Amino acid sequence: MKTTTRLTELREQMNDVTQKIVDLFQERQNISEEIGKEKEKNNLAILDLNRENEVIENVLKDVSDANKMTTTILVRELLALSRLKQSSNLELSRGNDLPKSEPIPEGPVAFQGVPGAWGEQAAGKLFPDREVIECEYFEDVFAKIKNGEAACGVVPIENSRTGAIGEVYDLLRKNSCYIVGQMWVKIRQSLLGVPGTTLHDVREILSHREALNQCGRFLKKYNWDLFEVSNTAVAAKTVTERGEKRVAAIGSRRAAELYGLEVLEDNISDDLNNRTRFIVIAAKPCYDENSTMMSVTFSTQHRSGALAAVLEPIGLYNINLSRIESRPVSPGSYRFFADIETSPFANGLDEAIATAASQAEYFEILGCYDTKEEE
Amino acid sequence: MAEKYKLSGRGNHPEDSIFDISGRKIGGGNFAVIAGPCSVETEPQILSIARDVKNAGASFLRGGAFKPRTSPYAFSGLGLDGLDLLKIARAKTDLPIVTEIMSIDYLEQFANDVDIIQIGARNMQNYDLLHAVGRLGKPVLLKRGLSSTIDELLLAAEHIMASGTEEVILCERGIRTFETATRNTLDLSAVPVIKALSHLPVIVDPSHGTGYWNLVEPMALAAAACGADGLIIEVHNHPEAALCDGEQSVTPGVFKNIVRKVNIVRDAIANA
């Protein structure tokens, strides 16, 4: 790039100022460390919001209106980095420890539903040689892992069209299971009825809520009554049991075969590439050198910039945040779930996660894992 | 003369009782540290504190869901929502939970969800509650009433045990005296007195016993030195903002140092 004498001169001045700022920053961090010790001695919390607001207010008094916004950003950052310094001296885990690696335990795999469920197919693809355990509810999958009946479980967490499966996120929040693997599974939903049924006969549709949502465009064409059941395969089984032409199910072709139903209309998902992401959960974290994903969950305080402060260290370390989901915990309070594309061994990851965790009210690593795509 | 303390006394049970509660031992040389906030406030609050106290060496998590408050206008706890949050904290840390029961209305939930049911100082002589909780057969933490004698405390334990519960832990939490410099007067002499009479584990609550965070450490050390089987300490990550009893709560950093020093005192006495 072209340069002028004046530009060189200005840049030199700029370098001097930068150096001064950096030196002063080091000095500030040293004072901050002393403050941290004094707070610990006097039973005081690290975060003092009133004090932080006071600092910003005082600083802004002599700043021109045009520079108020940028100065606020700078000072906020200084305050956050000071908090980080103070909490790192506490030597208490802030939930940022990378879980220790162990192999995925041998043993049966739990899924929600009955044979023919998409969860069963996902479990079969991920663990072809393992025994599977049927569970009535998602909650039971978590319970069976906790009590040792199942070595791991396979549950859906996200659909390519309809988004997050909220219930599974809430169960991840409430239980102590880790995510140890994942697979995107093609979901080809079909309309299933007892043999000889035509579309004219159908009056009622049974299926899982997610499946009904995934086929919204197809269902709109008909004036059918829609009924939610716990699982697509449970829907297929019920249609067989009732044996009436007026009732049909939305589910997999495999469910049709298993329960002796006919495919009345194939591939009725709105999105012909409809896919669902299934995660593998286990009681202990497991990962290997192939892991490419890390999932974390955190909550923040209700104040401006709180969410950005948690995410910023992840951005600064050049780690891609591939997904963020927010779930309500109690009225007005939320829990975030984030997926980041990183190997657990990446350089600088420890520090990025520790910094992010120090900015959160609560922070937890849910697991590191490899991602598989269905062939 | 028949023994007054049939079940809690040493007459029929000369050895110290050792209880194994959800995998954690207490009594007969097993020291238990119960720690957590006065009351469960929010999910991040209880989850962060639970993790911090576990890392600092606590063996049980305490937290109030139903709070007996002197003033009817004070925060009285989250109720069953608080119990749910404690269960999440237990799932995340594996720390068994200790929480106070206020009435028999929620007996079933406490029976299913709580590892140690606490009967507070104000309910020590609520005999219907003692019998109802005693019939559950679950471990009980019985706190000494603010104006109760040691004899009354042991007889209250007797009520619980006679109803069918073996595992009763007694707790000295300060008594009412003319002294106003502290919230209560922590009666540490109760520890050796009770231990001479009873085989039940005795723990000390230096938080309620003194009412001030800076007195928690010295009295915790004294309790460990005088033979207590454990401590129950209020820990809050933001004492100034605590919805209840902030002035007697210690931060996780202070708590960590207390546990470290308590272990030094116990080792010193064991090797004396």
# chains A, B, ... in the order shown; residues from 1 in each chain; ligands from 1
>>> interface_residues(of="chain B", to="chain A", cutoff="12 Å", atoms="only C-alpha atoms", output="PyMOL selection string")
chain B and resi 41-57+78+81-82+84-94+212-217+235-242+246-258
>>> residues_around(residues="segment 99-115 of chain A", least_positions_apart="3", cutoff="7 Å", atoms="only C-alpha atoms", output="VMD selection string")
chain A and resid 119 to 120 123 130 to 138 141 150 to 155 231 233 to 234 285 to 288
>>> atom_distance(atom1="atom CA of His200 of chain A", atom2="atom CA of Glu262 of chain A")
14.7 Å
>>> select_by_dssp(residues="segment 19-240 of chain A", states="strand (DSSP E or B)", output="PyMOL selection string")
chain A and resi 109-112+132-135+152-159+163-164+178-186+190-193+204-207+225-228
>>> write_last_selection(atoms="C-alpha atoms", output="PDB file, in the first residue's frame")
ATOM      1  CA  VAL A 109     -28.308 -48.336  23.665  1.00  0.00           C
ATOM      2  CA  ALA A 110     -31.572 -46.713  24.754  1.00  0.00           C
ATOM      3  CA  PHE A 111     -33.909 -44.851  22.360  1.00  0.00           C
ATOM      4  CA  GLN A 112     -37.383 -43.348  22.634  1.00  0.00           C
ATOM      5  CA  VAL A 132     -31.300 -51.595  21.899  1.00  0.00           C
ATOM      6  CA  ILE A 133     -33.683 -50.688  24.738  1.00  0.00           C
ATOM      7  CA  GLU A 134     -37.080 -49.101  24.030  1.00  0.00           C
ATOM      8  CA  CYS A 135     -38.162 -46.190  26.225  1.00  0.00           C
ATOM      9  CA  CYS A 152     -25.650 -44.768  26.226  1.00  0.00           C
ATOM     10  CA  GLY A 153     -28.714 -43.316  24.533  1.00  0.00           C
ATOM     11  CA  VAL A 154     -29.655 -41.849  21.156  1.00  0.00           C
ATOM     12  CA  VAL A 155     -32.054 -38.881  21.100  1.00  0.00           C
ATOM     13  CA  PRO A 156     -33.005 -36.307  18.430  1.00  0.00           C
ATOM     14  CA  ILE A 157     -31.960 -32.749  19.169  1.00  0.00           C
ATOM     15  CA  GLU A 158     -32.580 -30.801  15.980  1.00  0.00           C
ATOM     16  CA  ASN A 159     -34.394 -31.106  12.665  1.00  0.00           C
ATOM     17  CA  GLY A 163     -35.293 -26.670  14.446  1.00  0.00           C
ATOM     18  CA  ALA A 164     -34.585 -27.609  18.042  1.00  0.00           C
ATOM     19  CA  TYR A 178     -22.745 -35.772  28.348  1.00  0.00           C
ATOM     20  CA  ILE A 179     -22.947 -35.609  24.568  1.00  0.00           C
ATOM     21  CA  VAL A 180     -20.493 -38.177  23.181  1.00  0.00           C
ATOM     22  CA  GLY A 181     -21.472 -38.431  19.518  1.00  0.00           C
ATOM     23  CA  GLN A 182     -23.890 -37.261  16.848  1.00  0.00           C
ATOM     24  CA  MET A 183     -25.282 -38.226  13.467  1.00  0.00           C
ATOM     25  CA  TRP A 184     -27.460 -36.500  10.884  1.00  0.00           C
ATOM     26  CA  VAL A 185     -30.082 -39.018   9.761  1.00  0.00           C
ATOM     27  CA  LYS A 186     -32.220 -38.651   6.602  1.00  0.00           C
ATOM     28  CA  SER A 190     -44.445 -41.475   4.633  1.00  0.00           C
ATOM     29  CA  LEU A 191     -48.184 -41.733   5.075  1.00  0.00           C
ATOM     30  CA  LEU A 192     -49.046 -45.236   6.308  1.00  0.00           C
ATOM     31  CA  GLY A 193     -52.432 -46.986   6.451  1.00  0.00           C
ATOM     32  CA  GLU A 204     -57.466 -38.908  11.215  1.00  0.00           C
ATOM     33  CA  ILE A 205     -53.674 -38.701  11.276  1.00  0.00           C
ATOM     34  CA  LEU A 206     -51.531 -39.971  14.143  1.00  0.00           C
ATOM     35  CA  SER A 207     -47.870 -39.053  14.526  1.00  0.00           C
ATOM     36  CA  ASP A 225     -57.825 -34.283  12.141  1.00  0.00           C
ATOM     37  CA  LEU A 226     -54.283 -34.446  13.501  1.00  0.00           C
ATOM     38  CA  PHE A 227     -53.466 -36.307  16.727  1.00  0.00           C
ATOM     39  CA  GLU A 228     -50.104 -36.260  18.479  1.00  0.00           C
TER      40      GLU A 228
END
>>> residues_around(residues="segment 111-117 of chain B", least_positions_apart="6", cutoff="8 Å", atoms="only C-alpha atoms", output="MDAnalysis selection string")
chainID B and resid 21:22 83 87 96:101 136 138:141
>>> write_last_selection(atoms="N, CA and C atoms", output="PDB file, in the first residue's frame")
ATOM      1  N   ILE B  21     -24.956 -42.371  54.112  1.00  0.00           N
ATOM      2  CA  ILE B  21     -26.094 -41.695  53.479  1.00  0.00           C
ATOM      3  C   ILE B  21     -25.753 -41.391  52.031  1.00  0.00           C
ATOM      4  N   SER B  22     -26.431 -42.043  51.101  1.00  0.00           N
ATOM      5  CA  SER B  22     -26.181 -41.885  49.661  1.00  0.00           C
ATOM      6  C   SER B  22     -24.675 -41.936  49.375  1.00  0.00           C
ATOM      7  N   LEU B  83     -37.034 -27.273  45.342  1.00  0.00           N
ATOM      8  CA  LEU B  83     -36.696 -28.693  45.473  1.00  0.00           C
ATOM      9  C   LEU B  83     -36.242 -29.254  44.122  1.00  0.00           C
ATOM     10  N   LYS B  87     -32.587 -30.880  43.031  1.00  0.00           N
ATOM     11  CA  LYS B  87     -32.416 -32.179  42.369  1.00  0.00           C
ATOM     12  C   LYS B  87     -31.499 -32.057  41.152  1.00  0.00           C
ATOM     13  N   PRO B  96     -25.307 -35.406  47.774  1.00  0.00           N
ATOM     14  CA  PRO B  96     -26.644 -35.637  48.326  1.00  0.00           C
ATOM     15  C   PRO B  96     -27.196 -34.325  48.885  1.00  0.00           C
ATOM     16  N   ILE B  97     -28.538 -34.178  48.907  1.00  0.00           N
ATOM     17  CA  ILE B  97     -29.112 -32.897  49.327  1.00  0.00           C
ATOM     18  C   ILE B  97     -29.778 -32.945  50.699  1.00  0.00           C
ATOM     19  N   VAL B  98     -29.590 -31.842  51.422  1.00  0.00           N
ATOM     20  CA  VAL B  98     -30.151 -31.657  52.758  1.00  0.00           C
ATOM     21  C   VAL B  98     -31.058 -30.438  52.675  1.00  0.00           C
ATOM     22  N   THR B  99     -32.342 -30.596  53.010  1.00  0.00           N
ATOM     23  CA  THR B  99     -33.205 -29.422  52.978  1.00  0.00           C
ATOM     24  C   THR B  99     -34.309 -29.555  54.025  1.00  0.00           C
ATOM     25  N   GLU B 100     -34.799 -28.395  54.445  1.00  0.00           N
ATOM     26  CA  GLU B 100     -35.707 -28.375  55.592  1.00  0.00           C
ATOM     27  C   GLU B 100     -37.158 -28.631  55.208  1.00  0.00           C
ATOM     28  N   ILE B 101     -37.828 -29.445  56.032  1.00  0.00           N
ATOM     29  CA  ILE B 101     -39.265 -29.670  55.858  1.00  0.00           C
ATOM     30  C   ILE B 101     -39.973 -28.774  56.861  1.00  0.00           C
ATOM     31  N   LEU B 136     -41.053 -42.031  57.951  1.00  0.00           N
ATOM     32  CA  LEU B 136     -40.492 -42.217  56.604  1.00  0.00           C
ATOM     33  C   LEU B 136     -39.245 -43.101  56.637  1.00  0.00           C
ATOM     34  N   LYS B 138     -36.240 -42.064  56.699  1.00  0.00           N
ATOM     35  CA  LYS B 138     -35.120 -41.453  55.965  1.00  0.00           C
ATOM     36  C   LYS B 138     -34.209 -40.704  56.917  1.00  0.00           C
ATOM     37  N   PRO B 139     -32.919 -40.536  56.571  1.00  0.00           N
ATOM     38  CA  PRO B 139     -32.016 -39.792  57.450  1.00  0.00           C
ATOM     39  C   PRO B 139     -32.572 -38.400  57.782  1.00  0.00           C
ATOM     40  N   VAL B 140     -32.413 -38.005  59.037  1.00  0.00           N
ATOM     41  CA  VAL B 140     -32.936 -36.716  59.501  1.00  0.00           C
ATOM     42  C   VAL B 140     -31.814 -35.911  60.137  1.00  0.00           C
ATOM     43  N   LEU B 141     -31.784 -34.620  59.832  1.00  0.00           N
ATOM     44  CA  LEU B 141     -30.891 -33.694  60.522  1.00  0.00           C
ATOM     45  C   LEU B 141     -31.778 -32.882  61.463  1.00  0.00           C
TER      46      LEU B 141
END
>>> select_by_dssp(residues="segment 45-212 of chain B", states="alpha helix (DSSP H)", output="compact mmCIF listing (two decimals) with N, CA, C and O atoms, in the first residue's frame")
# COMPACT_ATOMS: atom_id res chain seq x y z
N GLN B 45 -27.57 -19.78 40.37
CA GLN B 45 -27.06 -19.60 41.74
C GLN B 45 -26.78 -20.95 42.39
O GLN B 45 -25.68 -21.22 42.86
N ILE B 46 -27.77 -21.86 42.40
CA ILE B 46 -27.58 -23.11 43.13
C ILE B 46 -26.59 -24.03 42.40
O ILE B 46 -25.77 -24.70 43.04
N LEU B 47 -26.60 -23.99 41.06
CA LEU B 47 -25.66 -24.85 40.33
C LEU B 47 -24.22 -24.39 40.51
O LEU B 47 -23.31 -25.21 40.69
N SER B 48 -23.99 -23.06 40.49
CA SER B 48 -22.62 -22.56 40.68
C SER B 48 -22.13 -22.85 42.09
O SER B 48 -21.01 -23.31 42.28
N ILE B 49 -22.98 -22.59 43.08
CA ILE B 49 -22.56 -22.81 44.47
C ILE B 49 -22.31 -24.30 44.71
O ILE B 49 -21.33 -24.68 45.34
N ALA B 50 -23.19 -25.15 44.17
CA ALA B 50 -23.03 -26.59 44.37
C ALA B 50 -21.68 -27.04 43.83
O ALA B 50 -20.95 -27.79 44.47
N ARG B 51 -21.33 -26.55 42.65
CA ARG B 51 -20.06 -26.96 42.06
C ARG B 51 -18.88 -26.42 42.88
O ARG B 51 -17.91 -27.13 43.14
N ASP B 52 -19.00 -25.16 43.31
CA ASP B 52 -17.91 -24.56 44.10
C ASP B 52 -17.72 -25.29 45.43
O ASP B 52 -16.59 -25.57 45.82
N VAL B 53 -18.80 -25.59 46.15
CA VAL B 53 -18.62 -26.23 47.46
C VAL B 53 -18.12 -27.66 47.30
O VAL B 53 -17.34 -28.15 48.11
N LYS B 54 -18.53 -28.30 46.20
CA LYS B 54 -18.01 -29.66 45.97
C LYS B 54 -16.49 -29.60 45.76
O LYS B 54 -15.74 -30.37 46.35
N ASN B 55 -16.06 -28.68 44.91
CA ASN B 55 -14.63 -28.56 44.65
C ASN B 55 -13.85 -28.15 45.89
O ASN B 55 -12.67 -28.44 46.01
N ALA B 56 -14.51 -27.45 46.81
CA ALA B 56 -13.83 -27.01 48.03
C ALA B 56 -13.84 -28.12 49.09
O ALA B 56 -13.19 -27.97 50.11
N LEU B 80 -41.65 -25.97 46.02
CA LEU B 80 -41.34 -27.18 45.23
C LEU B 80 -40.41 -26.88 44.06
O LEU B 80 -39.61 -27.73 43.67
N ASP B 81 -40.46 -25.64 43.51
CA ASP B 81 -39.52 -25.28 42.44
C ASP B 81 -38.09 -25.33 42.97
O ASP B 81 -37.16 -25.74 42.27
N GLY B 82 -37.92 -24.92 44.22
CA GLY B 82 -36.59 -24.96 44.84
C GLY B 82 -36.12 -26.39 45.00
O GLY B 82 -34.94 -26.69 44.77
N LEU B 83 -37.03 -27.27 45.34
CA LEU B 83 -36.70 -28.69 45.47
C LEU B 83 -36.24 -29.25 44.12
O LEU B 83 -35.27 -30.01 44.04
N ASP B 84 -36.94 -28.85 43.04
CA ASP B 84 -36.54 -29.29 41.70
C ASP B 84 -35.13 -28.82 41.35
O ASP B 84 -34.35 -29.56 40.77
N LEU B 85 -34.82 -27.56 41.73
CA LEU B 85 -33.48 -27.04 41.42
C LEU B 85 -32.42 -27.80 42.22
O LEU B 85 -31.33 -28.06 41.72
N LEU B 86 -32.73 -28.16 43.46
CA LEU B 86 -31.78 -28.94 44.26
C LEU B 86 -31.53 -30.30 43.60
O LEU B 86 -30.40 -30.80 43.60
N LYS B 87 -32.59 -30.88 43.03
CA LYS B 87 -32.42 -32.18 42.37
C LYS B 87 -31.50 -32.06 41.15
O LYS B 87 -30.69 -32.95 40.88
N ILE B 88 -31.63 -30.94 40.41
CA ILE B 88 -30.74 -30.73 39.26
C ILE B 88 -29.30 -30.59 39.76
O ILE B 88 -28.37 -31.18 39.22
N ALA B 89 -29.13 -29.83 40.85
CA ALA B 89 -27.78 -29.62 41.41
C ALA B 89 -27.19 -30.96 41.86
O ALA B 89 -26.00 -31.21 41.69
N ARG B 90 -28.03 -31.82 42.42
CA ARG B 90 -27.52 -33.13 42.84
C ARG B 90 -27.11 -33.96 41.62
O ARG B 90 -26.06 -34.60 41.61
N ALA B 91 -27.95 -33.91 40.56
CA ALA B 91 -27.62 -34.68 39.35
C ALA B 91 -26.29 -34.20 38.78
O ALA B 91 -25.49 -34.99 38.29
N LYS B 92 -26.04 -32.89 38.85
CA LYS B 92 -24.82 -32.33 38.25
C LYS B 92 -23.58 -32.58 39.11
O LYS B 92 -22.49 -32.65 38.59
N THR B 93 -23.72 -32.65 40.43
CA THR B 93 -22.53 -32.74 41.29
C THR B 93 -22.42 -34.06 42.04
O THR B 93 -21.39 -34.33 42.64
N LEU B 107 -44.71 -34.12 52.57
CA LEU B 107 -44.01 -35.30 53.06
C LEU B 107 -43.58 -36.24 51.93
O LEU B 107 -42.46 -36.74 51.90
N GLU B 108 -44.50 -36.44 50.96
CA GLU B 108 -44.22 -37.39 49.90
C GLU B 108 -43.04 -36.94 49.03
O GLU B 108 -42.15 -37.73 48.72
N GLN B 109 -43.04 -35.63 48.67
CA GLN B 109 -41.95 -35.12 47.86
C GLN B 109 -40.62 -35.24 48.59
O GLN B 109 -39.60 -35.59 48.01
N PHE B 110 -40.62 -34.92 49.89
CA PHE B 110 -39.38 -35.01 50.66
C PHE B 110 -38.92 -36.46 50.75
O PHE B 110 -37.73 -36.75 50.64
N ALA B 111 -39.88 -37.39 50.93
CA ALA B 111 -39.52 -38.80 51.03
C ALA B 111 -38.86 -39.27 49.74
O ALA B 111 -37.90 -40.02 49.76
N ASN B 112 -39.36 -38.78 48.59
CA ASN B 112 -38.83 -39.25 47.31
C ASN B 112 -37.53 -38.56 46.91
O ASN B 112 -36.67 -39.17 46.30
N ASP B 113 -37.41 -37.27 47.22
CA ASP B 113 -36.39 -36.47 46.56
C ASP B 113 -35.21 -36.04 47.42
O ASP B 113 -34.19 -35.62 46.90
N TYR B 127 -44.10 -32.14 67.59
CA TYR B 127 -44.06 -33.60 67.69
C TYR B 127 -44.79 -34.31 66.55
O TYR B 127 -44.35 -35.37 66.11
N ASP B 128 -45.89 -33.72 66.05
CA ASP B 128 -46.57 -34.37 64.92
C ASP B 128 -45.64 -34.45 63.71
O ASP B 128 -45.61 -35.46 63.01
N LEU B 129 -44.88 -33.37 63.48
CA LEU B 129 -43.94 -33.36 62.36
C LEU B 129 -42.84 -34.39 62.61
O LEU B 129 -42.44 -35.13 61.71
N LEU B 130 -42.32 -34.45 63.86
CA LEU B 130 -41.27 -35.42 64.19
C LEU B 130 -41.75 -36.85 63.91
O LEU B 130 -41.03 -37.66 63.34
N HIS B 131 -42.99 -37.15 64.30
CA HIS B 131 -43.52 -38.50 64.10
C HIS B 131 -43.70 -38.80 62.62
O HIS B 131 -43.34 -39.88 62.14
N ALA B 132 -44.27 -37.82 61.88
CA ALA B 132 -44.54 -38.04 60.45
C ALA B 132 -43.23 -38.26 59.70
O ALA B 132 -43.11 -39.17 58.87
N VAL B 133 -42.22 -37.44 60.00
CA VAL B 133 -40.93 -37.59 59.33
C VAL B 133 -40.27 -38.89 59.80
O VAL B 133 -39.69 -39.64 59.01
N GLY B 134 -40.38 -39.18 61.11
CA GLY B 134 -39.79 -40.40 61.66
C GLY B 134 -40.33 -41.65 60.98
O GLY B 134 -39.59 -42.61 60.75
N ARG B 135 -41.60 -41.63 60.62
CA ARG B 135 -42.21 -42.80 59.98
C ARG B 135 -41.66 -43.06 58.58
O ARG B 135 -41.77 -44.16 58.05
N LEU B 136 -41.05 -42.03 57.95
CA LEU B 136 -40.49 -42.22 56.60
C LEU B 136 -39.25 -43.10 56.64
O LEU B 136 -38.89 -43.73 55.65
N ILE B 150 -30.32 -29.60 76.12
CA ILE B 150 -29.77 -30.80 75.47
C ILE B 150 -30.71 -31.99 75.72
O ILE B 150 -30.94 -32.81 74.83
N ASP B 151 -31.27 -32.04 76.92
CA ASP B 151 -32.21 -33.10 77.25
C ASP B 151 -33.41 -33.08 76.30
O ASP B 151 -33.83 -34.11 75.76
N GLU B 152 -33.94 -31.88 76.04
CA GLU B 152 -35.09 -31.76 75.13
C GLU B 152 -34.71 -32.15 73.70
O GLU B 152 -35.50 -32.76 72.98
N LEU B 153 -33.48 -31.81 73.31
CA LEU B 153 -33.01 -32.18 71.97
C LEU B 153 -32.95 -33.70 71.84
O LEU B 153 -33.43 -34.28 70.85
N LEU B 154 -32.38 -34.36 72.84
CA LEU B 154 -32.26 -35.82 72.78
C LEU B 154 -33.63 -36.49 72.81
O LEU B 154 -33.86 -37.49 72.13
N LEU B 155 -34.55 -35.90 73.57
CA LEU B 155 -35.90 -36.48 73.61
C LEU B 155 -36.64 -36.27 72.28
O LEU B 155 -37.42 -37.13 71.85
N ALA B 156 -36.34 -35.16 71.62
CA ALA B 156 -36.93 -34.93 70.29
C ALA B 156 -36.40 -36.00 69.32
O ALA B 156 -37.16 -36.56 68.51
N ALA B 157 -35.08 -36.28 69.41
CA ALA B 157 -34.50 -37.33 68.57
C ALA B 157 -35.16 -38.67 68.89
O ALA B 157 -35.44 -39.48 67.99
N GLU B 158 -35.43 -38.88 70.17
CA GLU B 158 -36.08 -40.11 70.62
C GLU B 158 -37.45 -40.28 69.95
O GLU B 158 -37.82 -41.37 69.53
N HIS B 159 -38.20 -39.16 69.81
CA HIS B 159 -39.50 -39.20 69.14
C HIS B 159 -39.35 -39.68 67.70
O HIS B 159 -40.15 -40.49 67.21
N ILE B 160 -38.34 -39.15 67.00
CA ILE B 160 -38.14 -39.52 65.59
C ILE B 160 -37.76 -41.00 65.49
O ILE B 160 -38.29 -41.75 64.67
N MET B 161 -36.85 -41.41 66.40
CA MET B 161 -36.35 -42.80 66.34
C MET B 161 -37.45 -43.79 66.73
O MET B 161 -37.57 -44.86 66.13
N ALA B 162 -38.26 -43.40 67.70
CA ALA B 162 -39.34 -44.30 68.14
C ALA B 162 -40.38 -44.47 67.03
O ALA B 162 -41.13 -45.44 67.00
N ALA B 190 -22.03 -28.25 74.11
CA ALA B 190 -23.08 -29.23 73.83
C ALA B 190 -22.50 -30.45 73.09
O ALA B 190 -22.99 -31.56 73.27
N VAL B 191 -21.46 -30.22 72.29
CA VAL B 191 -20.92 -31.34 71.49
C VAL B 191 -20.39 -32.46 72.39
O VAL B 191 -20.88 -33.59 72.32
N PRO B 192 -19.41 -32.19 73.29
CA PRO B 192 -18.96 -33.28 74.16
C PRO B 192 -20.03 -33.78 75.12
O PRO B 192 -20.06 -34.97 75.45
N VAL B 193 -20.93 -32.89 75.54
CA VAL B 193 -22.00 -33.33 76.45
C VAL B 193 -22.90 -34.35 75.74
O VAL B 193 -23.18 -35.43 76.26
N ILE B 194 -23.33 -34.00 74.52
CA ILE B 194 -24.22 -34.92 73.78
C ILE B 194 -23.47 -36.22 73.45
O ILE B 194 -24.02 -37.31 73.59
N LYS B 195 -22.22 -36.08 73.05
CA LYS B 195 -21.48 -37.27 72.63
C LYS B 195 -21.27 -38.24 73.80
O LYS B 195 -21.14 -39.45 73.59
N ALA B 196 -21.23 -37.71 75.03
CA ALA B 196 -21.11 -38.59 76.19
C ALA B 196 -22.42 -39.36 76.41
O ALA B 196 -22.42 -40.52 76.83
N LEU B 197 -23.54 -38.72 76.10
CA LEU B 197 -24.85 -39.34 76.35
C LEU B 197 -25.33 -40.21 75.20
O LEU B 197 -26.02 -41.21 75.40
N PRO B 206 -21.96 -23.14 62.47
CA PRO B 206 -21.36 -21.87 62.91
C PRO B 206 -21.98 -20.66 62.21
O PRO B 206 -21.77 -19.53 62.66
N SER B 207 -22.74 -20.87 61.14
CA SER B 207 -23.35 -19.74 60.43
C SER B 207 -24.52 -19.16 61.24
O SER B 207 -24.52 -17.98 61.59
N HIS B 208 -25.52 -20.00 61.57
CA HIS B 208 -26.63 -19.54 62.41
C HIS B 208 -26.15 -19.33 63.84
O HIS B 208 -26.66 -18.48 64.56
N GLY B 209 -25.16 -20.13 64.25
CA GLY B 209 -24.67 -20.07 65.62
C GLY B 209 -24.09 -18.72 65.99
O GLY B 209 -24.15 -18.30 67.15
N THR B 210 -23.54 -18.00 64.97
CA THR B 210 -22.93 -16.71 65.27
C THR B 210 -23.65 -15.56 64.55
O THR B 210 -23.73 -14.46 65.08
>>> residues_around(residues="Leu221 of chain B", least_positions_apart="5", cutoff="10 Å", atoms="only C-alpha atoms", output="PDB file with C-alpha atoms, in the first residue's frame")
ATOM      1  CA  PRO B 206     -21.361 -21.872  62.908  1.00  0.00           C
ATOM      2  CA  VAL B 216     -17.784 -18.811  60.876  1.00  0.00           C
ATOM      3  CA  CYS B 226     -14.092 -30.266  70.222  1.00  0.00           C
ATOM      4  CA  LEU B 231     -20.301 -28.850  59.986  1.00  0.00           C
ATOM      5  CA  ILE B 258     -12.241 -23.009  56.124  1.00  0.00           C
ATOM      6  CA  VAL B 259     -12.365 -26.610  54.873  1.00  0.00           C
ATOM      7  CA  LYS B 261      -7.979 -25.381  57.957  1.00  0.00           C
ATOM      8  CA  VAL B 262     -10.592 -27.726  59.459  1.00  0.00           C
ATOM      9  CA  ASN B 263      -8.718 -30.652  57.924  1.00  0.00           C
ATOM     10  CA  ILE B 264      -5.452 -29.399  59.429  1.00  0.00           C
ATOM     11  CA  VAL B 265      -7.082 -29.172  62.880  1.00  0.00           C
ATOM     12  CA  ARG B 266      -8.549 -32.663  62.571  1.00  0.00           C
TER      13      ARG B 266
END
